[in-house]
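K.L.:
Structure supplied as my_file-v4.pdb; contents: PDB, C-alpha atoms and all ligand atoms.
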```pdb
ATOM      1  CA  MET A 120       5.932 -19.312  -6.208
ATOM      2  CA  LYS A 121       2.846 -20.216  -4.202
ATOM      3  CA  ASN A 122      -0.401 -19.407  -6.064
ATOM      4  CA  GLN A 123       1.463 -18.531  -9.280
ATOM      5  CA  GLU A 124      -1.519 -19.373 -11.458
ATOM      6  CA  ALA A 125      -3.893 -17.300  -9.327
ATOM      7  CA  TRP A 126      -1.496 -14.327  -9.436
ATOM      8  CA  ASP A 127      -1.110 -14.614 -13.212
ATOM      9  CA  THR A 128      -4.878 -14.705 -13.667
ATOM     10  CA  LEU A 129      -5.439 -11.787 -11.309
ATOM     11  CA  ARG A 130      -2.776  -9.659 -12.971
ATOM     12  CA  ARG A 131      -4.138 -10.443 -16.442
ATOM     13  CA  GLU A 132      -7.732  -9.660 -15.484
ATOM     14  CA  CYS A 133      -6.771  -6.487 -13.630
ATOM     15  CA  ALA A 134      -4.705  -5.251 -16.597
ATOM     16  CA  GLY A 135      -7.860  -4.956 -18.701
ATOM     17  CA  CYS A 136      -9.991  -3.306 -16.021
ATOM     18  CA  GLN A 137     -12.171  -0.347 -16.960
ATOM     19  CA  GLY A 138     -14.174  -0.503 -13.758
ATOM     20  CA  CYS A 139     -14.063   3.240 -13.176
ATOM     21  CA  GLU A 140     -13.194   6.465 -14.979
ATOM     22  CA  LEU A 141      -9.522   6.242 -13.975
ATOM     23  CA  GLY A 142      -9.048   3.408 -16.450
ATOM     24  CA  ARG A 143      -9.593   5.802 -19.363
ATOM     25  CA  THR A 144      -6.743   8.154 -18.556
ATOM     26  CA  ARG A 145      -4.043   5.827 -17.221
ATOM     27  CA  SER A 146      -0.790   5.262 -19.112
ATOM     28  CA  ASN A 147      -0.179   2.036 -17.217
ATOM     29  CA  LEU A 148      -2.061   0.107 -14.609
ATOM     30  CA  VAL A 149      -0.020  -0.118 -11.395
ATOM     31  CA  PHE A 150      -0.719  -3.560 -10.001
ATOM     32  CA  GLY A 151       1.746  -4.133  -7.158
ATOM     33  CA  VAL A 152       5.350  -4.969  -6.420
ATOM     34  CA  GLY A 153       7.450  -6.955  -4.003
ATOM     35  CA  ASN A 154       7.326 -10.379  -2.463
ATOM     36  CA  PRO A 155       3.861 -11.929  -2.817
ATOM     37  CA  GLU A 156       4.735 -14.446  -0.105
ATOM     38  CA  SER A 157       5.677 -11.826   2.472
ATOM     39  CA  GLU A 158       3.985 -11.619   5.843
ATOM     40  CA  ILE A 159       4.036  -7.828   5.565
ATOM     41  CA  MET A 160       1.943  -5.799   3.131
ATOM     42  CA  LEU A 161       2.022  -2.041   2.583
ATOM     43  CA  ILE A 162      -0.956  -0.278   1.039
ATOM     44  CA  GLY A 163      -0.852   3.239  -0.378
ATOM     45  CA  GLU A 164      -3.596   5.286  -1.977
ATOM     46  CA  GLY A 165      -2.935   5.412  -5.725
ATOM     47  CA  PRO A 166      -0.336   5.925  -8.427
ATOM     48  CA  GLY A 167       1.209   9.333  -9.112
ATOM     49  CA  GLU A 168       2.765  10.564 -12.334
ATOM     50  CA  GLN A 169       5.943   8.484 -12.250
ATOM     51  CA  GLU A 170       4.085   5.378 -11.098
ATOM     52  CA  ASP A 171       1.620   5.791 -13.966
ATOM     53  CA  LEU A 172       4.460   6.143 -16.473
ATOM     54  CA  GLN A 173       6.434   3.183 -15.150
ATOM     55  CA  GLY A 174       3.604   0.899 -14.005
ATOM     56  CA  VAL A 175       5.270   0.407 -10.609
ATOM     57  CA  PRO A 176       4.060   1.684  -7.214
ATOM     58  CA  PHE A 177       6.146   4.127  -5.179
ATOM     59  CA  VAL A 178       8.771   5.286  -7.653
ATOM     60  CA  GLY A 179       9.905   8.906  -7.829
ATOM     61  CA  PRO A 180      10.728  10.992  -4.742
ATOM     62  CA  ALA A 181       8.046   9.428  -2.495
ATOM     63  CA  GLY A 182       9.205   5.978  -3.531
ATOM     64  CA  LYS A 183      12.821   6.808  -2.703
ATOM     65  CA  LEU A 184      11.748   8.005   0.724
ATOM     66  CA  LEU A 185       9.732   4.835   1.252
ATOM     67  CA  ASP A 186      12.802   2.771   0.359
ATOM     68  CA  SER A 187      14.860   4.722   2.930
ATOM     69  CA  MET A 188      12.153   4.224   5.548
ATOM     70  CA  LEU A 189      12.144   0.487   4.898
ATOM     71  CA  GLN A 190      15.925   0.349   5.075
ATOM     72  CA  MET A 191      15.829   1.940   8.532
ATOM     73  CA  ILE A 192      14.174  -1.204   9.840
ATOM     74  CA  ASP A 193      16.099  -3.686   7.681
ATOM     75  CA  LEU A 194      13.346  -4.118   5.124
ATOM     76  CA  ASP A 195      13.282  -3.550   1.395
ATOM     77  CA  ARG A 196      10.848  -3.998  -1.474
ATOM     78  CA  ASN A 197      11.796  -7.638  -1.891
ATOM     79  CA  LYS A 198      10.786  -8.411   1.674
ATOM     80  CA  VAL A 199       7.314  -6.843   1.614
ATOM     81  CA  TYR A 200       4.421  -6.639  -0.840
ATOM     82  CA  ILE A 201       3.261  -3.154  -1.893
ATOM     83  CA  ALA A 202      -0.045  -2.237  -3.519
ATOM     84  CA  ASN A 203      -2.432   0.713  -3.721
ATOM     85  CA  MET A 204      -6.121   1.300  -3.041
ATOM     86  CA  VAL A 205      -6.622   2.181  -6.701
ATOM     87  CA  LYS A 206      -4.531   0.803  -9.534
ATOM     88  CA  CYS A 207      -4.844   3.716 -11.967
ATOM     89  CA  ARG A 208      -3.659   7.289 -11.538
ATOM     90  CA  PRO A 209      -6.203   9.881 -10.405
ATOM     91  CA  PRO A 210      -5.842  12.979 -12.631
ATOM     92  CA  ARG A 211      -3.607  15.754 -11.247
ATOM     93  CA  ASN A 212      -2.769  13.489  -8.284
ATOM     94  CA  ARG A 213      -6.094  14.166  -6.583
ATOM     95  CA  ASP A 214      -7.313  11.749  -3.904
ATOM     96  CA  PRO A 215      -9.059   8.696  -5.309
ATOM     97  CA  GLN A 216     -12.796   9.243  -4.924
ATOM     98  CA  PRO A 217     -14.874   6.885  -2.766
ATOM     99  CA  ALA A 218     -16.614   5.392  -5.812
ATOM    100  CA  GLU A 219     -13.231   4.709  -7.448
ATOM    101  CA  GLN A 220     -11.965   3.045  -4.294
ATOM    102  CA  VAL A 221     -15.071   0.866  -4.157
ATOM    103  CA  ALA A 222     -14.738  -0.040  -7.841
ATOM    104  CA  CYS A 223     -11.099  -1.054  -7.333
ATOM    105  CA  ARG A 224     -11.470  -2.761  -3.972
ATOM    106  CA  GLY A 225     -12.052  -6.232  -5.382
ATOM    107  CA  TRP A 226      -8.561  -6.274  -6.910
ATOM    108  CA  LEU A 227      -6.954  -5.220  -3.645
ATOM    109  CA  ASN A 228      -9.011  -7.709  -1.646
ATOM    110  CA  ARG A 229      -7.847 -10.493  -3.932
ATOM    111  CA  GLN A 230      -4.210  -9.374  -3.517
ATOM    112  CA  ILE A 231      -4.620  -9.409   0.261
ATOM    113  CA  GLU A 232      -6.160 -12.893   0.097
ATOM    114  CA  LEU A 233      -3.275 -14.222  -1.985
ATOM    115  CA  VAL A 234      -0.486 -12.598   0.039
ATOM    116  CA  ASP A 235      -2.303 -13.432   3.289
ATOM    117  CA  PRO A 236      -0.059 -11.119   5.347
ATOM    118  CA  LYS A 237       0.109 -11.077   9.123
ATOM    119  CA  ILE A 238       0.686  -7.320   9.120
ATOM    120  CA  ILE A 239      -0.818  -4.615   6.918
ATOM    121  CA  VAL A 240       0.603  -1.094   7.057
ATOM    122  CA  CYS A 241      -1.539   1.635   5.510
ATOM    123  CA  LEU A 242       0.472   4.491   4.060
ATOM    124  CA  GLY A 243      -1.517   7.659   4.590
ATOM    125  CA  ARG A 244      -4.987   8.783   5.512
ATOM    126  CA  ILE A 245      -6.821   7.494   2.429
ATOM    127  CA  ALA A 246      -5.587   3.926   2.827
ATOM    128  CA  ALA A 247      -6.172   4.000   6.600
ATOM    129  CA  MET A 248      -9.763   5.210   6.120
ATOM    130  CA  GLY A 249     -10.426   2.631   3.431
ATOM    131  CA  ILE A 250      -8.802  -0.314   5.184
ATOM    132  CA  ILE A 251      -8.873   0.224   8.957
ATOM    133  CA  LYS A 252     -11.911   2.406   9.659
ATOM    134  CA  ASP A 253     -13.687   5.174   7.813
ATOM    135  CA  ASP A 254     -13.184   7.789  10.540
ATOM    136  CA  PHE A 255      -9.441   7.127  10.913
ATOM    137  CA  ARG A 256      -7.528  10.244  11.998
ATOM    138  CA  ILE A 257      -3.967   9.885  10.773
ATOM    139  CA  THR A 258      -2.514  12.602  12.999
ATOM    140  CA  ARG A 259      -3.952  10.980  16.133
ATOM    141  CA  GLU A 260      -4.032   7.295  15.329
ATOM    142  CA  HIS A 261      -0.884   6.659  13.267
ATOM    143  CA  GLY A 262       1.342   4.068  14.903
ATOM    144  CA  GLN A 263      -1.521   2.382  16.770
ATOM    145  CA  TRP A 264      -2.253  -1.291  16.186
ATOM    146  CA  PHE A 265      -5.687  -2.580  15.236
ATOM    147  CA  THR A 266      -6.650  -6.247  15.077
ATOM    148  CA  LEU A 267      -9.096  -7.010  12.280
ATOM    149  CA  GLY A 268      -9.987 -10.488  11.091
ATOM    150  CA  GLY A 269      -6.886 -12.050  12.612
ATOM    151  CA  ARG A 270      -4.423  -9.580  11.060
ATOM    152  CA  MET A 271      -2.578  -6.667  12.616
ATOM    153  CA  TYR A 272      -3.088  -3.266  10.994
ATOM    154  CA  MET A 273      -1.281   0.000  11.492
ATOM    155  CA  ALA A 274      -1.143   3.268   9.574
ATOM    156  CA  THR A 275       1.657   5.746   9.226
ATOM    157  CA  TYR A 276       2.147   8.891   7.188
ATOM    158  CA  HIS A 277       2.325   8.615   3.420
ATOM    159  CA  PRO A 278       5.875   9.326   2.164
ATOM    160  CA  SER A 279       4.487  12.202   0.063
ATOM    161  CA  ALA A 280       3.147  13.805   3.257
ATOM    162  CA  LEU A 281       6.585  13.419   4.834
ATOM    163  CA  LEU A 282       8.155  15.144   1.834
ATOM    164  CA  ARG A 283       5.706  18.014   2.185
ATOM    165  CA  ASP A 284       6.129  18.241   5.966
ATOM    166  CA  PRO A 285       9.482  16.845   7.188
ATOM    167  CA  SER A 286       8.557  17.755  10.788
ATOM    168  CA  LYS A 287       6.410  14.580  10.815
ATOM    169  CA  ARG A 288       9.388  12.309  10.099
ATOM    170  CA  PRO A 289      10.293  11.587  13.741
ATOM    171  CA  GLU A 290       6.722  10.369  14.350
ATOM    172  CA  ALA A 291       6.912   8.190  11.251
ATOM    173  CA  PHE A 292      10.201   6.774  12.505
ATOM    174  CA  MET A 293       8.517   5.808  15.801
ATOM    175  CA  ASP A 294       5.808   4.048  13.763
ATOM    176  CA  LEU A 295       8.497   2.130  11.901
ATOM    177  CA  ARG A 296      10.085   1.072  15.171
ATOM    178  CA  ALA A 297       6.689  -0.196  16.325
ATOM    179  CA  LEU A 298       6.423  -2.102  13.049
ATOM    180  CA  ARG A 299       9.840  -3.668  13.527
ATOM    181  CA  LYS A 300       8.867  -4.766  17.049
ATOM    182  CA  GLU A 301       5.606  -6.296  15.812
ATOM    183  CA  ILE A 302       7.429  -8.122  13.009
ATOM    184  CA  ARG A 303       9.766  -9.664  15.582
ATOM    185  CA  GLU A 304       6.839 -10.721  17.715
ATOM    186  CA  ILE A 305       4.421 -12.233  15.221
ATOM    187  CA  CYS A 306       6.162 -13.042  11.953
ATOM    188  CA  THR A 307       7.380 -16.590  11.528
ATOM    189  CA  ARG A 308      10.147 -15.714   9.080
ATOM    190  CA  THR A 309      13.188 -13.527   9.641
ATOM    191  CA  TYR A 310      13.067 -10.094   8.018
TER     192      TYR A 310
HETATM  193  S1  LIG B 401      -8.716   2.284 -10.793
HETATM  194 FE1  LIG B 401      -9.199   0.140 -10.397
HETATM  195  S2  LIG B 401     -11.391  -0.081 -10.892
HETATM  196 FE2  LIG B 401     -10.661   1.831 -11.832
HETATM  197  S3  LIG B 401     -10.098   1.208 -13.918
HETATM  198 FE3  LIG B 401      -8.238   1.148 -12.666
HETATM  199  S4  LIG B 401      -8.106  -1.002 -12.006
HETATM  200 FE4  LIG B 401     -10.213  -0.658 -12.711
END
```
What does this structure look like when you write it as structure tokens?
P.N.:
Amino acid sequence: MKNQEAWDTLRRECAGCQGCELGRTRSNLVFGVGNPESEIMLIGEGPGEQEDLQGVPFVGPAGKLLDSMLQMIDLDRNKVYIANMVKCRPPRNRDPQPAEQVACRGWLNRQIELVDPKIIVCLGRIAAMGIIKDDFRITREHGQWFTLGGRMYMATYHPSALLRDPSKRPEAFMDLRALRKEIREICTRTY
């Protein structure tokens, strides 16, 4: 794998992180999963209960829905790289606080540098506000493309939000179709 040594170092350093309060209460740090050489990266907000227990992002019901969403456009976890804004579980599944996101951002930035994706998809409002722009409105701006620093960015609803409100699923499906189209247009590999 490209950059194997850098990934090993990053993972090892991140595993010992106590950069914010979330480090004290985690069961497991949730680093990331998928293909680190993919041209497509998905970024969520933070681990939930199952993710914390298993040390893997997007497991449990939201993870299953994400897998189904990826399947709809011929993707799966082995074809993309998935990470979160914060690597440790916020208590009671609350939103990660701004200070926690800032404390954790260096790890995510390093992951983005190493993957070097052409496309980043933010899953949910928190990731979109942290990555695309701080006044991002998910209900209005999901599915729109933004060009930042030579990469294409888009946000769609977080799978947990789609579980809570299934009426949003058709909009999310349109976002996925837009993602599939963009992949065809700008990715150099076949997905
Ligand atoms: S959430 Fe991020 S910054 Fe905070 S302890 Fe975990 S890895 Fe470190």
K.L.:
What's the 10 Å shell around region 155-162 of chain A, counting only C-alpha atoms, without same-chain residues fewer than 2 positions away, as a PyMOL selection string?
P.N.:
chain A and resi 120-123+126+151-153+164-165+176+196-205+227+230-231+233-243+245-247+250+271-274+277+298+302+305-308+310
K.L.:
Mind telling me what the PyMOL selection byres (((chain A and resi 130-143) around 7) and not hetatm) catches here, as a list of chain:residue names?
P.N.:
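Written out, the selection comes to A:Trp126, A:Asp127, A:Thr128, A:Leu129, A:Thr144, A:Arg145, A:Leu148, A:Cys207, A:Arg208, A:Pro209, A:Glu219, A:Ala222, A:Trp226.
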K.L.:
The PyMOL selection byres (((chain A and resi 170) around 10) and not hetatm) on the file shown: which residues, as a list in words?
P.N.:
Ser146, Asn147, Leu148, Val149, Gly165, Pro166, Gly167, Glu168, Gln169, Asp171, Leu172, Gln173, Gly174, Val175, Pro176, Phe177, Val178, Gly179, Gly182, Lys206, Cys207 and Arg208 of chain A
K.L.:
Go ahead and compute the interatomic distance for CA of Gly268 (chain A) and CA of Ala280 (chain A), in Å to one decimal.
P.N.:
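Going from CA of Gly268 (chain A) over to CA of Ala280 (chain A) covers 28.7 Å.
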K.L.:
Is it possible to get the axis-aligned box enclosing region 151-156 of chain A (all listed atoms, 6 Å extra per side) as lines of an AutoDock Vina configuration file, with centre and edge lengths in Å rounded to one decimal?
P.N.:
```
center_x = 4.6
center_y = -9.3
center_z = -3.6
size_x = 17.7
size_y = 22.3
size_z = 19.1
```
K.L.:
Report, in Å with one decimal, the straight-line distance from atom FE2 of ligand LIG 401 (chain B) to CA of Thr275 (chain A).
P.N.:
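We find that atom FE2 of ligand LIG 401 (chain B) and CA of Thr275 (chain A) lie 24.7 Å from each other.
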K.L.:
Please, what distance in Å, to one decimal, runs between CA of Ser279 (chain A) and CA of Arg303 (chain A)?
P.N.:
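Taking CA of Ser279 (chain A) and CA of Arg303 (chain A), their separation equals 27.3 Å.
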K.L.:
A:Pro180, A:Pro210, A:Gly269, A:Pro278: which is nearest ligand LIG 401 (chain B), counting only C-alpha atoms and all ligand atoms?
P.N.:
A:Pro210
